[in-house]
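Engineer: This is structure_1.cif, which holds mmCIF, C-alpha atoms:
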```
data_coords
loop_
_atom_site.label_atom_id
_atom_site.label_comp_id
_atom_site.auth_asym_id
_atom_site.auth_seq_id
_atom_site.Cartn_x
_atom_site.Cartn_y
_atom_site.Cartn_z
CA MET A 283 141.68 101.63 111.92
CA ALA A 284 143.84 104.56 110.76
CA LEU A 285 141.50 105.01 107.82
CA VAL A 286 138.53 105.16 110.11
CA LEU A 287 140.21 107.74 112.32
CA ASN A 288 141.07 109.77 109.25
CA SER A 289 137.52 109.83 108.06
CA LEU A 290 136.43 110.75 111.59
CA ALA A 291 138.77 113.75 111.53
CA GLU A 292 137.34 114.80 108.22
CA ASN A 293 133.89 114.48 109.67
CA ALA A 294 134.86 116.74 112.52
CA VAL A 295 136.04 119.38 110.06
CA ALA A 296 132.84 118.97 108.09
CA LEU A 297 130.86 119.39 111.32
CA GLN A 298 132.58 122.67 112.11
CA GLU A 299 131.80 123.98 108.68
CA GLY A 300 128.25 122.76 109.17
CA GLY A 301 128.18 124.82 112.38
CA THR A 302 128.98 128.08 110.59
CA ALA A 303 126.39 127.21 107.98
CA ALA A 304 123.81 126.81 110.76
CA GLY A 305 124.41 130.45 111.72
CA ASN A 306 123.05 131.41 108.33
CA GLY A 307 119.84 129.43 108.91
CA GLY A 308 120.88 126.23 107.04
CA PRO A 309 120.71 122.67 108.49
CA ALA A 310 123.10 121.89 111.35
CA ILE A 311 124.85 119.20 109.31
CA GLU A 312 124.95 119.30 105.53
CA GLN A 313 123.70 116.19 103.77
CA GLY A 314 127.15 115.09 102.60
CA ALA A 315 128.65 115.50 106.05
CA ALA A 316 125.81 113.50 107.61
CA ALA A 317 126.38 110.68 105.12
CA ALA A 318 130.11 110.70 105.90
CA LEU A 319 129.34 110.51 109.61
CA GLY A 320 127.03 107.56 109.03
CA ILE A 321 129.59 105.69 106.97
CA GLY A 322 132.31 106.38 109.49
CA LEU A 323 130.22 105.03 112.36
CA ALA A 324 129.29 101.96 110.32
CA ALA A 325 133.00 101.35 109.70
CA ILE A 326 133.73 101.55 113.43
CA GLY A 327 130.97 99.04 114.09
CA ALA A 328 132.27 96.68 111.43
CA GLY A 329 135.79 97.00 112.80
CA TYR A 330 134.61 96.13 116.31
CA ALA A 331 132.77 93.07 115.06
CA GLU A 332 135.75 91.92 113.01
CA ARG A 333 138.03 92.12 116.02
CA ALA A 334 136.25 89.23 117.74
CA ILE A 335 135.74 87.23 114.55
CA GLY A 336 139.37 87.64 113.58
CA ALA A 337 140.51 86.38 116.96
CA SER A 338 138.26 83.31 116.70
CA VAL A 339 139.33 82.60 113.15
CA VAL A 340 143.01 82.68 114.07
CA GLY A 341 142.20 80.29 116.92
CA ALA A 342 140.29 77.93 114.66
CA LEU A 343 143.00 78.08 111.99
CA ALA A 344 145.63 77.23 114.56
CA GLU A 345 143.66 74.08 115.35
CA ASP A 346 143.28 73.32 111.65
CA SER A 347 139.53 73.04 111.97
CA ILE A 348 138.53 75.41 109.14
CA SER A 349 140.09 76.39 105.83
CA PRO A 350 141.76 79.84 105.51
CA GLY A 351 139.25 80.83 102.79
CA ILE A 352 136.28 80.34 105.11
CA GLY A 353 138.18 82.21 107.80
CA ILE A 354 138.75 85.25 105.63
CA LEU A 355 135.16 85.17 104.41
CA LEU A 356 133.81 85.13 107.97
CA THR A 357 136.20 87.86 109.04
CA VAL A 358 135.12 90.32 106.36
CA LEU A 359 131.41 89.52 106.65
CA PRO A 360 130.65 92.58 108.83
CA GLU A 361 132.28 94.71 106.10
CA THR A 362 128.97 94.39 104.24
CA LEU A 363 127.57 96.80 106.81
CA VAL A 364 129.88 99.50 105.53
CA ILE A 365 128.80 98.79 101.96
CA PHE A 366 125.18 99.19 103.00
CA ALA A 367 126.14 102.43 104.71
CA LEU A 368 127.50 103.72 101.38
CA VAL A 369 123.87 103.89 100.23
CA ALA A 370 123.59 107.01 102.36
CA LEU A 371 125.93 108.77 99.91
CA PHE A 372 123.54 108.33 97.00
CA VAL A 373 120.19 109.37 98.48
CA MET B 260 145.44 88.95 139.55
CA SER B 261 146.58 89.75 136.05
CA THR B 262 145.00 92.68 134.34
CA GLY B 263 144.45 93.70 130.75
CA ALA B 264 142.00 92.66 128.09
CA SER B 265 140.94 89.04 128.03
CA ASN B 266 140.59 87.09 124.81
CA PRO B 267 137.74 84.60 125.13
CA GLU B 268 137.09 84.52 121.37
CA TYR B 269 140.50 83.13 120.52
CA VAL B 270 140.63 80.64 123.35
CA ASN B 271 137.08 79.47 122.78
CA ALA B 272 137.64 78.83 119.09
CA ARG B 273 140.61 76.61 119.90
CA VAL B 274 138.90 74.91 122.81
CA ARG B 275 135.78 74.09 120.81
CA SER B 276 137.84 72.53 118.08
CA ARG B 277 139.69 70.37 120.60
CA ARG B 278 136.44 69.48 122.27
CA ALA B 279 135.16 68.20 118.93
CA ALA B 280 138.22 65.95 118.59
CA MET B 281 137.52 64.12 121.83
CA LEU B 282 136.34 60.52 122.02
CA SER B 283 132.67 59.83 121.39
CA ASP B 284 130.32 57.33 123.05
CA GLU B 285 130.95 55.00 120.13
CA ASP B 286 134.68 55.03 120.86
CA TYR B 287 134.09 54.15 124.50
CA ARG B 288 131.95 51.22 123.46
CA LYS B 289 134.79 49.99 121.29
CA LEU B 290 137.39 50.57 124.03
CA ILE B 291 135.42 48.57 126.57
CA ARG B 292 135.99 45.45 124.50
CA MET B 293 139.75 45.94 124.16
CA GLY B 294 142.69 44.82 126.24
CA PRO B 295 145.32 47.29 127.54
CA SER B 296 147.69 46.92 124.60
CA GLU B 297 144.82 47.29 122.13
CA ILE B 298 143.71 50.44 123.93
CA ALA B 299 147.24 51.80 123.61
CA ARG B 300 147.15 51.04 119.90
CA PHE B 301 143.77 52.69 119.56
CA MET B 302 145.06 55.78 121.35
CA GLU B 303 148.00 55.92 118.97
CA GLU B 304 145.52 56.63 116.20
CA THR B 305 143.78 59.44 118.07
CA GLU B 306 145.15 62.70 119.41
CA TYR B 307 147.17 60.81 122.02
CA GLU B 308 149.59 59.70 119.32
CA ARG B 309 152.49 61.90 120.35
CA GLU B 310 152.37 60.91 124.02
CA ILE B 311 152.07 57.21 123.28
CA ASN B 312 155.04 57.38 120.93
CA ALA B 313 157.15 59.38 123.37
CA LEU B 314 156.49 57.03 126.29
CA GLY B 315 156.16 53.79 124.35
CA THR B 316 159.77 52.77 124.83
CA ARG B 317 159.79 53.28 128.58
CA PHE B 318 156.44 51.89 129.66
CA SER B 319 153.97 49.31 128.49
CA GLY B 320 150.42 48.17 129.15
CA VAL B 321 148.28 50.10 131.58
CA ASP B 322 151.18 52.24 132.80
CA LEU B 323 151.77 53.48 129.29
CA ILE B 324 148.12 54.45 128.95
CA GLU B 325 148.09 56.11 132.34
CA TYR B 326 151.20 58.23 131.75
CA ALA B 327 150.16 59.10 128.22
CA LEU B 328 146.79 60.29 129.52
CA ASN B 329 148.41 62.41 132.20
CA ARG B 330 150.81 63.97 129.76
CA ASN B 331 148.11 64.73 127.26
CA LEU B 332 145.99 66.31 129.97
CA ALA B 333 148.92 68.44 131.10
CA LYS B 334 149.63 69.50 127.53
CA HIS B 335 146.07 70.65 126.93
CA PHE B 336 145.75 72.53 130.19
CA ASP B 337 149.15 74.15 129.80
CA ASP B 338 148.01 75.34 126.39
CA LEU B 339 144.92 76.88 127.94
CA LEU B 340 147.05 78.90 130.33
CA GLU B 341 149.37 79.92 127.55
CA TRP B 342 146.57 81.21 125.33
CA SER B 343 144.44 83.02 127.81
CA GLU B 344 145.14 86.56 128.89
CA GLY B 345 143.88 89.02 131.44
CA GLN B 346 140.77 88.15 133.36
CA LEU B 347 140.31 84.91 131.47
CA TYR B 348 143.72 83.70 132.65
CA ASP B 349 142.83 84.54 136.20
CA ARG B 350 139.60 82.54 135.99
CA VAL B 351 141.17 79.53 134.32
CA VAL B 352 144.16 79.36 136.63
CA ARG B 353 141.96 79.43 139.70
CA TYR B 354 140.52 76.12 138.70
CA LEU B 355 143.69 74.57 137.28
CA ARG B 356 145.56 75.14 140.53
CA LYS B 357 143.97 71.90 141.61
CA PHE B 358 146.75 70.20 139.67
CA ASP B 359 149.28 72.18 141.67
CA VAL B 360 147.64 70.77 144.77
CA TRP B 361 147.84 67.28 143.31
CA ASN B 362 151.50 67.72 142.39
CA LEU B 363 152.47 69.19 145.73
CA LYS B 364 150.74 66.34 147.55
CA THR B 365 152.58 63.84 145.39
CA ILE B 366 155.90 65.58 145.98
CA ILE B 367 155.41 65.81 149.74
CA ARG B 368 154.39 62.16 149.91
CA GLY B 369 157.38 61.26 147.77
CA ILE B 370 159.79 63.09 150.03
CA TYR B 371 158.12 61.60 153.10
CA THR B 372 158.67 58.09 151.76
CA ASP B 373 162.17 58.87 150.43
CA SER B 374 161.21 58.09 146.85
CA ASP B 375 163.51 58.57 143.92
CA PRO B 376 163.09 62.08 142.34
CA GLU B 377 162.78 60.43 138.93
CA GLU B 378 159.89 58.34 140.20
CA ILE B 379 158.07 61.30 141.74
CA SER B 380 158.53 63.21 138.54
CA THR B 381 156.72 60.64 136.38
CA ASP B 382 153.69 60.74 138.65
CA LEU B 383 153.18 64.48 138.32
CA ILE B 384 150.62 66.16 136.09
CA ARG B 385 152.34 69.34 135.02
CA ALA B 386 149.18 71.28 134.31
CA GLY B 387 148.97 73.84 137.07
CA GLU B 388 150.28 77.33 137.63
CA LEU B 389 153.68 76.34 139.00
CA ASP B 390 156.21 76.34 136.18
CA ASP B 391 158.40 73.41 135.27
CA GLY B 392 161.52 74.94 136.82
CA THR B 393 159.90 75.30 140.22
CA ILE B 394 158.49 71.79 140.08
CA ASP B 395 161.88 70.34 139.14
CA ARG B 396 163.44 72.10 142.10
CA LEU B 397 160.67 70.82 144.37
CA VAL B 398 161.22 67.26 143.26
CA GLU B 399 164.96 67.44 143.97
CA VAL B 400 164.84 68.73 147.55
CA ASP B 401 165.26 66.39 150.52
CA SER B 402 163.01 67.81 153.22
CA ILE B 403 159.47 69.07 153.43
CA GLU B 404 160.77 72.24 155.03
CA ASP B 405 162.63 73.05 151.80
CA VAL B 406 159.44 72.52 149.81
CA ILE B 407 157.69 75.14 151.89
CA GLU B 408 160.62 77.48 151.43
CA ILE B 409 160.48 77.18 147.64
CA LEU B 410 156.74 77.79 147.69
CA GLU B 411 157.30 81.15 149.40
CA GLY B 412 155.09 83.73 147.71
CA THR B 413 152.51 81.32 146.30
CA ILE B 414 149.00 80.97 147.68
CA PHE B 415 150.00 77.82 149.51
CA ALA B 416 152.84 79.26 151.59
CA GLU B 417 150.95 80.65 154.55
CA GLN B 418 148.70 77.65 155.19
CA LEU B 419 151.58 75.21 154.72
CA GLU B 420 153.74 76.99 157.26
CA ASP B 421 150.98 76.74 159.86
CA ALA B 422 150.41 73.10 159.05
CA TYR B 423 154.10 72.28 159.21
CA GLU B 424 154.21 72.80 162.98
CA GLU B 425 151.34 70.37 163.35
CA PHE B 426 153.14 67.94 161.06
CA GLU B 427 156.28 68.15 163.16
CA GLU B 428 154.30 67.29 166.29
CA SER B 429 152.25 64.45 164.87
CA GLY B 430 154.41 63.15 162.05
CA ALA B 431 151.32 62.58 159.90
CA LEU B 432 150.90 64.10 156.45
CA VAL B 433 147.19 64.84 156.84
CA PRO B 434 147.59 68.41 158.16
CA LEU B 435 149.82 69.33 155.20
CA GLU B 436 147.41 67.83 152.67
CA ASN B 437 144.44 69.51 154.29
CA ALA B 438 146.33 72.81 154.24
CA LEU B 439 146.90 72.49 150.49
CA ASP B 440 143.24 71.71 149.82
CA ARG B 441 142.12 74.51 152.04
CA ALA B 442 144.43 77.03 150.37
CA PHE B 443 143.10 75.96 146.99
CA TYR B 444 139.41 76.14 147.84
CA GLU B 445 139.70 79.37 149.77
CA ASN B 446 141.45 80.94 146.82
CA LEU B 447 138.83 79.62 144.42
CA LEU B 448 136.17 82.16 145.38
CA GLU B 449 138.39 84.96 146.63
CA ASP B 450 137.80 88.46 145.20
CA LEU B 451 134.93 87.22 143.05
CA GLY B 452 132.12 88.57 145.20
CA ARG B 453 128.60 87.43 144.46
CA PRO B 454 127.61 88.78 141.05
CA ARG B 455 123.89 88.44 140.33
CA GLU B 456 123.64 87.71 136.63
CA GLY B 457 125.62 87.03 133.46
CA PRO B 458 128.47 84.60 132.88
CA GLU B 459 130.40 85.83 135.90
CA ALA B 460 127.53 84.83 138.19
CA LYS B 461 127.38 81.41 136.55
CA TYR B 462 131.11 80.97 137.00
CA VAL B 463 130.79 81.66 140.71
CA GLU B 464 127.81 79.31 140.83
CA PHE B 465 129.88 76.65 139.15
CA LEU B 466 132.73 76.97 141.63
CA GLU B 467 130.25 76.90 144.48
CA ALA B 468 128.80 73.72 143.02
CA GLU B 469 132.30 72.26 142.97
CA ILE B 470 132.68 73.03 146.68
CA ASP B 471 129.16 71.84 147.49
CA PHE B 472 129.68 68.54 145.74
CA LEU B 473 132.96 68.04 147.54
CA ASN B 474 131.27 68.68 150.87
CA ALA B 475 128.39 66.40 149.89
CA ARG B 476 130.80 63.67 148.88
CA ASN B 477 132.75 63.91 152.13
CA ALA B 478 129.58 64.02 154.20
CA LEU B 479 128.12 60.99 152.44
CA ARG B 480 131.33 59.07 152.87
CA LEU B 481 131.48 59.92 156.55
CA ALA B 482 127.83 59.03 157.02
CA ARG B 483 128.25 55.77 155.14
CA SER B 484 131.40 54.61 156.84
CA GLY B 485 130.15 55.60 160.28
CA ALA B 486 133.71 56.55 161.16
CA ASP B 487 134.11 58.69 164.22
CA LEU B 488 135.78 61.65 162.56
CA ASP B 489 135.14 65.31 163.11
CA PRO B 490 133.19 66.47 160.02
CA ALA B 491 134.25 70.06 160.62
CA ALA B 492 137.83 69.13 159.79
CA TYR B 493 136.74 68.23 156.28
CA TYR B 494 134.32 71.09 155.77
CA ILE B 495 135.22 73.55 153.02
CA ASP B 496 133.79 77.02 153.33
CA GLY B 497 132.13 78.84 150.44
CA GLY B 498 129.38 76.55 149.21
CA VAL B 499 125.65 77.12 149.48
CA LEU B 500 124.47 73.60 150.22
CA PHE B 501 125.77 73.15 153.74
CA ASP B 502 127.02 75.31 156.51
CA GLU B 503 129.17 73.90 159.23
CA SER B 504 126.34 73.26 161.69
CA ASP B 505 124.24 71.55 158.99
CA LEU B 506 127.07 69.20 158.33
CA ASN B 507 127.64 68.32 161.96
CA ARG B 508 123.94 67.62 162.39
CA LEU B 509 123.46 65.60 159.21
CA VAL B 510 126.50 63.36 159.21
CA GLY B 511 124.90 61.19 161.88
CA ASP B 512 121.74 60.60 159.84
CA TYR B 513 122.14 59.26 156.34
CA ASP B 514 118.53 59.69 155.14
CA ALA B 515 118.32 63.24 156.45
CA LEU B 516 121.51 64.05 154.59
CA VAL B 517 120.10 62.78 151.29
CA ASP B 518 116.88 64.69 151.93
CA HIS B 519 118.85 67.84 152.63
CA ILE B 520 120.54 67.61 149.22
CA ALA B 521 117.23 66.84 147.50
CA GLU B 522 115.50 69.84 149.09
CA ASN B 523 118.11 72.28 147.86
CA LYS B 524 116.64 74.50 145.16
CA ARG B 525 119.75 74.65 143.06
CA TYR B 526 120.61 70.97 142.86
CA GLY B 527 117.49 69.03 143.87
CA ASP B 528 115.95 68.81 140.39
CA ARG B 529 119.14 68.18 138.54
CA LEU B 530 120.22 65.36 140.79
CA SER B 531 116.82 63.79 141.43
CA GLY B 532 117.64 60.63 139.48
CA ALA B 533 120.94 60.13 141.24
CA LEU B 534 119.42 60.85 144.63
CA ASP B 535 116.72 58.24 144.10
CA ARG B 536 119.36 55.68 143.39
CA LEU B 537 121.30 56.78 146.44
CA ARG B 538 118.19 56.28 148.59
CA ASP B 539 117.93 52.75 147.31
CA ALA B 540 121.28 52.19 149.00
CA ASP B 541 123.07 51.75 145.70
CA SER B 542 126.80 52.34 145.64
CA LEU B 543 128.25 55.74 146.49
CA ILE B 544 130.34 55.58 143.34
CA GLN B 545 127.19 55.76 141.24
CA PHE B 546 126.19 58.92 143.00
CA GLU B 547 129.61 60.46 142.57
CA HIS B 548 129.46 59.72 138.87
CA ALA B 549 126.02 61.30 138.70
CA LEU B 550 127.47 64.39 140.36
CA ASP B 551 130.25 64.52 137.79
CA ALA B 552 127.82 64.05 134.92
CA ALA B 553 125.51 66.75 136.31
CA LEU B 554 128.40 69.18 136.59
CA LEU B 555 129.57 68.39 133.06
CA GLU B 556 126.09 68.77 131.59
CA TYR B 557 125.62 72.04 133.40
CA ALA B 558 128.93 73.42 132.10
CA ASP B 559 127.92 72.37 128.58
CA THR B 560 124.62 74.22 128.82
CA LEU B 561 126.41 77.30 130.08
CA SER B 562 128.85 77.24 127.21
CA SER B 563 125.97 77.55 124.74
CA VAL B 564 124.25 80.24 126.78
CA TYR B 565 127.37 82.39 127.17
CA PRO B 566 129.60 81.60 124.18
CA THR B 567 132.12 84.37 124.78
CA SER B 568 132.83 83.79 128.43
CA ILE B 569 134.88 81.35 130.41
CA SER B 570 132.11 78.73 130.24
CA PRO B 571 133.31 76.87 127.10
CA VAL B 572 136.80 76.65 128.61
CA LEU B 573 135.43 75.23 131.83
CA SER B 574 133.30 72.75 129.98
CA PHE B 575 136.35 71.63 128.02
CA ILE B 576 138.41 71.23 131.18
CA LEU B 577 135.71 69.09 132.76
CA ALA B 578 135.12 67.03 129.63
CA LYS B 579 138.85 66.39 129.27
CA GLU B 580 139.17 65.32 132.87
CA ARG B 581 136.24 62.94 132.44
CA GLU B 582 137.70 61.52 129.25
CA VAL B 583 141.01 60.82 130.91
CA GLU B 584 139.28 59.25 133.89
CA ASN B 585 137.08 57.14 131.63
CA ILE B 586 139.94 55.76 129.59
CA ARG B 587 141.89 55.06 132.76
CA ALA B 588 138.87 53.29 134.26
CA ILE B 589 138.51 51.13 131.16
CA ALA B 590 142.20 50.22 131.08
CA ARG B 591 142.37 49.45 134.81
CA GLY B 592 139.07 47.61 134.64
CA ARG B 593 140.26 45.38 131.81
CA GLU B 594 143.54 44.77 133.62
CA VAL B 595 141.83 43.36 136.71
CA GLY B 596 139.32 41.48 134.57
CA LEU B 597 136.03 43.27 135.18
CA ASP B 598 133.34 42.43 132.66
CA GLU B 599 131.93 44.95 130.21
CA ASN B 600 128.87 45.93 132.22
CA GLU B 601 130.88 46.56 135.34
CA ILE B 602 133.27 48.80 133.45
CA GLU B 603 130.41 50.67 131.84
CA GLU B 604 129.11 51.51 135.30
CA GLU B 605 132.44 53.11 136.12
CA LEU B 606 132.25 55.52 133.20
CA VAL B 607 130.87 59.03 133.21
CA ILE B 608 129.16 59.44 129.86
CA LEU B 609 126.57 62.08 129.13
#
```
How does the structure come out when it is put into structure tokens?
Structural biologist:
Amino acid sequence: MALVLNSLAENAVALQEGGTAAGNGGPAIEQGAAAALGIGLAAIGAGYAERAIGASVVGALAEDSISPGIGILLTVLPETLVIFALVALFV
Amino acid sequence: MSTGASNPEYVNARVRSRRAAMLSDEDYRKLIRMGPSEIARFMEETEYEREINALGTRFSGVDLIEYALNRNLAKHFDDLLEWSEGQLYDRVVRYLRKFDVWNLKTIIRGIYTDSDPEEISTDLIRAGELDDGTIDRLVEVDSIEDVIEILEGTIFAEQLEDAYEEFEESGALVPLENALDRAFYENLLEDLGRPREGPEAKYVEFLEAEIDFLNARNALRLARSGADLDPAAYYIDGGVLFDESDLNRLVGDYDALVDHIAENKRYGDRLSGALDRLRDADSLIQFEHALDAALLEYADTLSSVYPTSISPVLSFILAKEREVENIRAIARGREVGLDENEIEEELVIL
């Protein structure tokens, strides 16, 4: 979560710089900053999804009904969203 | 009411896993053919192992099964309360207070008949909101007045105090027991309002169904027995099926009462099979089992529709209660020598 917040703060700085650039007739948000914003939001989404999955997995593990490997796999599944979001960096 | 975030995901994951470990139809079919000691042995190999082992030295036969079942039930429901937080806790505890009612009734009856504290204690199902310390204190006291004093601050206090005066005049326990029931059912729907949609609305609907079925049961019993009792004294407020005047009117006329239940939009369809059988003057017990099965099936459906709500927990609570009742029915049935078909009729299986 701290990482996400960090990248949000960086985004904010990038946004402010974008603002001064807009005064000179450029786009409101530079391409790199927009990509960073997108990735950051995707990470927040993934984190929110993992919260619920993590809680369920701990519950299921406590009852010994799944193996820890499956649990970890399910927990990090939403992380793929962030990897997809990285595509935005390269276009 | 406790506040803070609730954690349905965690509780539901655990509850679903425990639900999966419960006995299946196949197991019941096997149990029906066993004697009490065989049932105890069978239970030793399922999740009841710990309870059977702990109680095995003190009890035997049907008593062993009975106490092991109660203990297991209490363990599961205590776990539920321990896991759940925030709003979820509030919703679960509302329903589980029915075990507090059961315990308090047992304690009051025990004190009334001067029973040994040890004896009262074994009959309790320690699954409700009252903690073990309070219950131990309640079991040890000598007079009903002391019980009410210890309960100061719980939801039961006010109603019990009013009922105690009546008890002192008449010397009968009925006012006290009615007061406990009333406190429980009035608290069941308190502060919930009438939400229109979503899991919350279904939860309220479920509790209303619980009250409705209780009223229906009481009304049918009164109508059947023809006893000259005031139906209003048994009426519980909060359901949608009857209001007080309905009940007074219908108790005199058995067929009209059955029709009234069948015409209700919410329950008519779901209970049509059971109602037909009831019309054919079959036993009341059959109908009560159909009510239980309908409630259980409904809770199951809800738990798939709203996976992250209280519904799966409720469905587990109901299923567990049914399981315990089924095993008890089988054990008691075998003990008194009922044949297999008769026992099967006593079971609530989906």
Engineer: What does the distance from CA of Arg483 in chain B to CA of Phe501 in chain B come to in Å, to one decimal?
Structural biologist: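 Spanning CA of Arg483 in chain B to CA of Phe501 in chain B is a straight-line distance of 17.6 Å.
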Engineer: One decimal, in Å: what's the spacing between CA of Leu481 in chain B and CA of Tyr354 in chain B?
Structural biologist: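 Spanning CA of Leu481 in chain B to CA of Tyr354 in chain B is a straight-line distance of 25.7 Å.
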Engineer: Check the smallest atom-to-atom distance from each of B:Trp342, B:Phe443, B:Tyr462, B:Tyr348 to chain A using all atoms listed in the file, then report the winner.
Structural biologist: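 Nearest to chain A: B:Trp342.
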Engineer: Name every residue that the PyMOL selection byres ((chain A) within 9 of (chain B)) selects in this structure, writing the answer as a VMD selection string with chains first and numbers rising.
Structural biologist: chain A and resid 334 to 347
Engineer: Could you check the closest approach to Ile602 in chain B for each of B:Asn437, B:Ser429, B:Asn585, B:Asn523 and tell me which residue wins, using only C-alpha atoms?
Structural biologist: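 Smallest separation from Ile602 in chain B among the options: B:Asn585.
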Engineer: Using all atoms listed in the file, which residues sit within 7 Å of range 354-369 of chain A once same-chain residues fewer than 5 positions away are excluded, as a ChimeraX atom specification?
Structural biologist: /A:320-321,324-325,328,331-332,335-336
Engineer: Would you mind reading off the distance between CA of Asn362 in chain B and CA of Ser343 in chain B, one decimal, in Å?
Structural biologist: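 A separation of 22.3 Å between them.
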Engineer: Do you know which residues are at most 9 Å from range 581-583 of chain B counting only C-alpha atoms, after dropping those on the same chain fewer than 5 positions away, and could you put them as a PyMOL selection string?
Structural biologist: chain B and resi 281-282+325+328-329+331-332+551-552+555+576+588+606-608
Engineer: On this structure, which residues satisfy the PyMOL selection byres ((chain B and resi 381-384) around 7), written as a list in words?
Structural biologist: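 Applied to this file, the PyMOL selection byres ((chain B and resi 381-384) around 7) returns Asn329, Arg330, Ala333, Phe358, Asn362, Glu377, Glu378, Ile379, Ser380, Arg385 and Ala386 of chain B.
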Engineer: With the file shown as input, list the residues that the PyMOL selection byres ((chain B and resi 400) around 12) selects, as a list of chain:residue names.
Structural biologist: B:Ile366, B:Ile367, B:Gly369, B:Ile370, B:Tyr371, B:Asp373, B:Ser374, B:Asp375, B:Pro376, B:Ile379, B:Thr393, B:Ile394, B:Asp395, B:Arg396, B:Leu397, B:Val398, B:Glu399, B:Asp401, B:Ser402, B:Ile403, B:Glu404, B:Asp405, B:Val406, B:Ile407, B:Glu408, B:Ile409
Engineer: For the residues in that selection, give me C-alpha atoms as a PDB file, in the frame of the given file.
Structural biologist:
```pdb
ATOM      1  CA  ILE B 366     155.900  65.580 145.980  1.00  0.00           C
ATOM      2  CA  ILE B 367     155.410  65.810 149.740  1.00  0.00           C
ATOM      3  CA  GLY B 369     157.380  61.260 147.770  1.00  0.00           C
ATOM      4  CA  ILE B 370     159.790  63.090 150.030  1.00  0.00           C
ATOM      5  CA  TYR B 371     158.120  61.600 153.100  1.00  0.00           C
ATOM      6  CA  ASP B 373     162.170  58.870 150.430  1.00  0.00           C
ATOM      7  CA  SER B 374     161.210  58.090 146.850  1.00  0.00           C
ATOM      8  CA  ASP B 375     163.510  58.570 143.920  1.00  0.00           C
ATOM      9  CA  PRO B 376     163.090  62.080 142.340  1.00  0.00           C
ATOM     10  CA  ILE B 379     158.070  61.300 141.740  1.00  0.00           C
ATOM     11  CA  THR B 393     159.900  75.300 140.220  1.00  0.00           C
ATOM     12  CA  ILE B 394     158.490  71.790 140.080  1.00  0.00           C
ATOM     13  CA  ASP B 395     161.880  70.340 139.140  1.00  0.00           C
ATOM     14  CA  ARG B 396     163.440  72.100 142.100  1.00  0.00           C
ATOM     15  CA  LEU B 397     160.670  70.820 144.370  1.00  0.00           C
ATOM     16  CA  VAL B 398     161.220  67.260 143.260  1.00  0.00           C
ATOM     17  CA  GLU B 399     164.960  67.440 143.970  1.00  0.00           C
ATOM     18  CA  ASP B 401     165.260  66.390 150.520  1.00  0.00           C
ATOM     19  CA  SER B 402     163.010  67.810 153.220  1.00  0.00           C
ATOM     20  CA  ILE B 403     159.470  69.070 153.430  1.00  0.00           C
ATOM     21  CA  GLU B 404     160.770  72.240 155.030  1.00  0.00           C
ATOM     22  CA  ASP B 405     162.630  73.050 151.800  1.00  0.00           C
ATOM     23  CA  VAL B 406     159.440  72.520 149.810  1.00  0.00           C
ATOM     24  CA  ILE B 407     157.690  75.140 151.890  1.00  0.00           C
ATOM     25  CA  GLU B 408     160.620  77.480 151.430  1.00  0.00           C
ATOM     26  CA  ILE B 409     160.480  77.180 147.640  1.00  0.00           C
TER      27      ILE B 409
END
```
